[in-house]
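This is final28.cif (mmCIF, C-alpha atoms).
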data_work
loop_
_atom_site.label_atom_id
_atom_site.label_comp_id
_atom_site.auth_asym_id
_atom_site.auth_seq_id
_atom_site.Cartn_x
_atom_site.Cartn_y
_atom_site.Cartn_z
CA GLY T 1 209.87 327.04 58.91
CA ALA T 2 213.08 325.48 60.25
CA VAL T 3 211.61 324.03 63.42
CA VAL T 4 213.49 321.56 65.55
CA SER T 5 211.75 319.73 68.38
CA GLN T 6 213.08 317.73 71.30
CA HIS T 7 211.40 315.18 73.50
CA PRO T 8 211.15 315.04 76.42
CA SER T 9 211.60 318.60 77.60
CA ARG T 10 212.43 317.46 81.12
CA VAL T 11 213.31 314.12 82.60
CA ILE T 12 214.22 312.91 86.06
CA CYS T 13 215.77 309.49 86.42
CA LYS T 14 217.54 307.34 88.96
CA SER T 15 221.27 306.83 88.88
CA GLY T 16 222.20 303.83 86.74
CA THR T 17 219.25 304.01 84.39
CA SER T 18 219.26 305.03 80.72
CA VAL T 19 217.49 307.98 79.18
CA LYS T 20 216.69 308.58 75.52
CA ILE T 21 216.28 312.06 74.07
CA GLU T 22 214.78 312.59 70.63
CA CYS T 23 215.58 315.42 68.24
CA ARG T 24 213.41 315.99 65.18
CA SER T 25 213.58 318.44 62.31
CA LEU T 26 209.90 319.08 61.65
CA ASP T 27 209.84 320.84 58.32
CA PHE T 28 213.17 320.12 56.68
CA GLN T 29 215.55 317.25 56.16
CA ALA T 30 218.80 317.32 58.05
CA THR T 31 221.65 315.09 57.04
CA THR T 32 223.64 316.46 59.95
CA MET T 33 222.51 317.05 63.50
CA PHE T 34 224.53 318.16 66.48
CA TRP T 35 224.26 317.49 70.19
CA TYR T 36 225.36 320.07 72.74
CA ARG T 37 225.40 320.15 76.51
CA GLN T 38 225.06 323.24 78.66
CA PHE T 39 225.76 323.51 82.37
CA PRO T 40 224.34 326.37 84.46
CA LYS T 41 225.79 329.78 83.68
CA GLN T 42 227.97 328.30 80.95
CA SER T 43 227.94 328.30 77.17
CA LEU T 44 226.97 325.42 74.95
CA MET T 45 229.57 322.73 74.46
CA LEU T 46 229.52 320.38 71.51
CA MET T 47 229.25 316.70 72.38
CA ALA T 48 228.95 315.02 69.01
CA THR T 49 228.05 315.37 65.36
CA SER T 50 225.37 313.02 64.12
CA ASN T 51 225.31 312.05 60.44
CA GLU T 52 222.37 310.24 58.90
CA GLY T 53 223.21 306.64 58.14
CA SER T 54 226.68 306.67 59.66
CA LYS T 55 228.41 306.70 63.01
CA ALA T 56 228.48 309.83 65.06
CA THR T 57 231.66 311.81 65.60
CA TYR T 58 232.35 312.55 69.24
CA GLU T 59 234.28 315.43 70.71
CA GLN T 60 237.32 314.73 72.82
CA GLY T 61 236.37 313.72 76.32
CA VAL T 62 232.85 312.57 75.42
CA GLU T 63 232.43 308.83 75.94
CA LYS T 64 230.77 307.28 72.90
CA ASP T 65 229.65 304.21 74.86
CA LYS T 66 227.94 306.37 77.43
CA PHE T 67 226.27 308.82 75.06
CA LEU T 68 224.82 306.69 72.27
CA ILE T 69 223.72 308.57 69.18
CA ASN T 70 221.54 307.18 66.43
CA HIS T 71 220.58 309.12 63.29
CA ALA T 72 218.33 306.68 61.52
CA SER T 73 216.50 309.11 59.27
CA LEU T 74 216.84 312.59 57.81
CA THR T 75 214.51 314.00 60.44
CA LEU T 76 215.38 312.13 63.61
CA SER T 77 218.44 311.78 65.81
CA THR T 78 218.43 310.26 69.28
CA LEU T 79 220.82 310.62 72.19
CA THR T 80 220.77 307.91 74.83
CA VAL T 81 222.52 308.59 78.12
CA THR T 82 223.40 305.15 79.42
CA SER T 83 223.97 304.31 83.09
CA ALA T 84 223.28 307.89 84.04
CA HIS T 85 225.08 309.47 86.98
CA PRO T 86 224.28 312.68 88.86
CA GLU T 87 227.13 314.45 87.07
CA ASP T 88 225.29 313.83 83.78
CA SER T 89 222.59 316.20 84.97
CA SER T 90 222.59 319.02 82.47
CA PHE T 91 220.70 320.77 79.68
CA TYR T 92 221.00 318.85 76.42
CA ILE T 93 220.35 320.72 73.18
CA CYS T 94 220.30 319.45 69.62
CA SER T 95 220.56 321.37 66.38
CA ALA T 96 220.01 320.58 62.74
CA SER T 97 221.40 322.20 59.63
CA GLY T 98 218.98 323.22 56.94
CA GLY T 99 218.31 325.61 54.16
CA TYR T 100 220.48 327.10 51.45
CA GLN T 101 223.20 328.27 53.80
CA GLU T 102 222.88 325.27 56.08
CA THR T 103 221.96 327.51 58.98
CA GLN T 104 221.75 325.66 62.27
CA TYR T 105 218.44 325.66 64.07
CA PHE T 106 218.25 324.54 67.65
CA GLY T 107 215.76 322.49 69.57
CA PRO T 108 214.21 323.76 72.81
CA GLY T 109 216.49 321.59 74.93
CA THR T 110 216.01 318.74 77.40
CA ARG T 111 216.66 319.21 81.09
CA LEU T 112 218.05 315.99 82.59
CA LEU T 113 218.22 315.47 86.34
CA VAL T 114 219.82 312.29 87.61
CA LEU T 115 219.11 311.48 91.23
CA LEU F 1 237.09 327.53 63.39
CA ALA F 2 237.09 331.32 63.62
CA LYS F 3 237.07 332.56 67.19
CA THR F 4 234.75 335.35 68.21
CA THR F 5 235.06 337.97 70.92
CA GLN F 6 232.14 339.92 72.27
CA PRO F 7 231.40 341.87 75.47
CA ILE F 8 230.46 339.73 78.45
CA SER F 9 227.52 341.91 79.40
CA MET F 10 225.57 345.01 78.46
CA ASP F 11 222.85 347.03 80.14
CA SER F 12 220.14 349.05 78.46
CA TYR F 13 216.72 350.57 79.08
CA GLU F 14 213.45 349.88 77.39
CA GLY F 15 212.98 351.72 74.13
CA GLN F 16 216.68 352.19 73.46
CA GLU F 17 218.63 350.82 70.53
CA VAL F 18 221.25 348.26 71.50
CA ASN F 19 224.32 347.50 69.43
CA ILE F 20 226.43 344.46 70.24
CA THR F 21 229.74 344.20 68.42
CA CYS F 22 231.57 340.96 67.79
CA SER F 23 235.16 340.58 66.63
CA HIS F 24 236.14 337.69 64.36
CA ASN F 25 239.57 338.54 63.01
CA ASN F 26 240.23 335.10 61.56
CA ILE F 27 236.99 334.73 59.62
CA ALA F 28 237.39 332.59 56.52
CA THR F 29 236.20 333.47 53.04
CA ASN F 30 233.36 330.96 53.15
CA ASP F 31 232.20 331.79 56.68
CA TYR F 32 228.84 333.35 57.39
CA ILE F 33 228.12 335.37 60.54
CA THR F 34 225.16 334.23 62.58
CA TRP F 35 223.64 335.62 65.75
CA TYR F 36 221.53 333.65 68.20
CA GLN F 37 219.49 334.64 71.23
CA GLN F 38 219.13 332.37 74.23
CA PHE F 39 216.73 332.63 77.16
CA PRO F 40 217.30 330.59 80.33
CA SER F 41 216.42 326.91 79.92
CA GLN F 42 215.74 327.27 76.21
CA GLY F 43 217.69 326.41 73.08
CA PRO F 44 219.35 329.22 71.12
CA ARG F 45 217.02 330.99 68.72
CA PHE F 46 218.25 332.14 65.31
CA ILE F 47 218.13 335.92 64.98
CA ILE F 48 219.97 336.90 61.82
CA GLN F 49 222.68 335.80 59.45
CA GLY F 50 224.83 337.66 56.95
CA TYR F 51 227.94 337.52 54.82
CA LYS F 52 228.74 341.17 54.13
CA THR F 53 227.32 344.72 54.26
CA LYS F 54 223.96 345.00 55.95
CA VAL F 55 221.15 342.57 56.57
CA THR F 56 217.83 343.48 58.15
CA ASN F 57 214.87 341.42 59.21
CA GLU F 58 211.83 341.98 61.38
CA VAL F 59 213.74 341.76 64.66
CA ALA F 60 217.28 343.04 64.05
CA SER F 61 219.90 344.43 61.72
CA LEU F 62 223.36 343.09 61.13
CA PHE F 63 226.15 345.38 60.01
CA ILE F 64 229.30 343.86 58.53
CA PRO F 65 232.21 346.05 57.36
CA ALA F 66 234.09 345.33 54.17
CA ASP F 67 236.94 343.49 55.90
CA ARG F 68 234.39 341.25 57.72
CA LYS F 69 236.60 341.12 60.80
CA SER F 70 233.76 342.30 62.98
CA SER F 71 229.99 342.56 62.96
CA THR F 72 227.40 344.50 64.91
CA LEU F 73 223.98 343.25 65.89
CA SER F 74 221.52 346.10 66.25
CA LEU F 75 218.32 345.65 68.22
CA PRO F 76 215.93 348.58 67.75
CA ARG F 77 213.86 349.77 70.70
CA VAL F 78 214.53 346.90 73.09
CA SER F 79 211.96 345.72 75.60
CA LEU F 80 212.25 343.77 78.83
CA SER F 81 211.66 340.57 76.88
CA ASP F 82 214.91 341.12 75.00
CA THR F 83 216.87 340.35 78.17
CA ALA F 84 218.87 337.29 77.12
CA VAL F 85 222.29 336.03 76.12
CA TYR F 86 223.31 336.83 72.55
CA TYR F 87 225.86 334.70 70.73
CA CYS F 88 227.86 335.65 67.65
CA LEU F 89 229.19 332.74 65.60
CA VAL F 90 230.96 332.29 62.30
CA ASP F 91 230.68 329.12 60.26
CA THR F 92 230.26 327.70 56.80
CA GLY F 93 227.22 325.66 57.69
CA ARG F 94 227.04 321.91 58.34
CA ARG F 95 229.87 322.29 60.83
CA ALA F 96 229.37 322.25 64.56
CA LEU F 97 229.33 325.68 66.12
CA THR F 98 231.86 326.80 68.69
CA PHE F 99 230.07 328.93 71.20
CA GLY F 100 231.88 331.65 73.09
CA SER F 101 230.65 333.15 76.30
CA GLY F 102 228.08 335.34 74.57
CA THR F 103 226.83 338.76 75.66
CA ARG F 104 224.37 338.92 78.51
CA LEU F 105 221.99 341.79 77.77
CA GLN F 106 219.97 343.16 80.66
CA VAL F 107 217.14 345.52 79.76
CA GLN F 108 215.87 347.68 82.58
CA PRO F 109 212.44 349.36 82.75
#

Once more with this new file: its structure as structure tokens, please.
Amino acid sequence: GAVVSQHPSRVICKSGTSVKIECRSLDFQATTMFWYRQFPKQSLMLMATSNEGSKATYEQGVEKDKFLINHASLTLSTLTVTSAHPEDSSFYICSASGGYQETQYFGPGTRLLVL
Amino acid sequence: LAKTTQPISMDSYEGQEVNITCSHNNIATNDYITWYQQFPSQGPRFIIQGYKTKVTNEVASLFIPADRKSSTLSLPRVSLSDTAVYYCLVDTGRRALTFGSGTRLQVQP
């Protein structure tokens, strides 16, 4: 149990375009999901907290108009990178809290390359 | 959020037991201790979680002393496939996790 999926696993896009990444909790409901970003050789850094039915909470320095988050259901959160630039190229990982102790389970990640 | 400190890297050989210790001096009463494993280009994978004393599952053991200011992840008889980065985190659940640098474990043949 406690499986989180992400789609797509890899995406290459042109500068200026938008990319949507989906995060799904497959076998549990998650009222809260989190989006992280990880650059090469670095640790995960939190971007935003996504709450079902309400606006996301963004970390300092993360532009909410550039990284649009929608959490429309208890099993799906989406991250849209708008007007992507090469510096947005990174590994994006989502997580969802579930279970008695609200343990966080992570998705497999999405590798974004902006050309 | 409680801050954690763990060794940057460790080396081991196949078949050995590996113990990775994490310090979390400011752990709160409601915090749980959770360990994750991460391979390159993959999301972190949950290994084990505990609150106090000892927890064991099919892949690892977690030892937590009475004061809970540290914890030790024990991996029995490691193999090459255990080469990864291991993260120790403390949280109460439903909160975002603050990742430290983790411990890069290299298992040699």

_Around (222.4, 324.3, 62.1), as given in the file, which residues come within 10 Å? Count only C-alpha atoms and list them as an MDAnalysis selection string._
(chainID T and resid 2 4 30 32:34 94:99 101:106) or (chainID F and resid 46 91 93:97)

*asked:* On this structure, the PyMOL selection byres ((chain F and resi 84) around 12) would catch which residues? List them as a count of residues only, sorted by chain and number.
replied: 30

*If you apply the PyMOL selection byres ((chain T and resi 93) around 12) to this file, what residues do you get, as a VMD selection string?*
(chain T and resid 4 to 10 21 to 24 33 to 39 43 to 48 77 to 79 90 to 92 94 to 96 105 to 112) or (chain F and resid 38 41 to 45)

*May I have the residues at most 6 Å from (221.9, 303.8, 87.1) in the file's coordinates, counting all atoms listed in the file, as an NGL selection string?*
:T and (14-17 or 83-84)

Can you spell out as a compact mmCIF listing (two decimals) with C-alpha atoms, in the frame of the given file the set of residues that the PyMOL selection byres ((chain F and resi 53) around 9) selects in the structure I just provided?
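Once everything was written out, this is part-v7.txt:
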# COMPACT_ATOMS: atom_id res chain seq x y z
CA GLY F 50 224.83 337.66 56.95
CA TYR F 51 227.94 337.52 54.82
CA LYS F 52 228.74 341.17 54.13
CA LYS F 54 223.96 345.00 55.95
CA VAL F 55 221.15 342.57 56.57
CA LEU F 62 223.36 343.09 61.13
CA PHE F 63 226.15 345.38 60.01
CA ILE F 64 229.30 343.86 58.53
CA PRO F 65 232.21 346.05 57.36
CA ALA F 66 234.09 345.33 54.17
CA ARG F 68 234.39 341.25 57.72

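Among the candidate residues T:Gln42, T:Ser54, T:Gln29, T:Asn70, the one lying nearest to chain F is T:Gln42, with distances computed using only C-alpha atoms.
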
*Among the residues F:Ser70, F:Pro109, F:Ser61, F:Gln49, the one that comes closest to chain T [using all atoms listed in the file]*: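 Checking each candidate against chain T, we get F:Gln49 as the closest.
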
*For the atom pair atom CA of F:Ser71 and atom CA of F:Thr21, what is the interatomic distance in Å to one decimal place?*
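Atom CA of F:Thr21 lies at a distance of 5.7 Å from atom CA of F:Ser71.
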
*So what do you get for atom CA of F:Pro7 versus atom CA of F:Glu58, distance-wise?*
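Atom-to-atom, atom CA of F:Pro7 and atom CA of F:Glu58 are spaced 24.1 Å apart.
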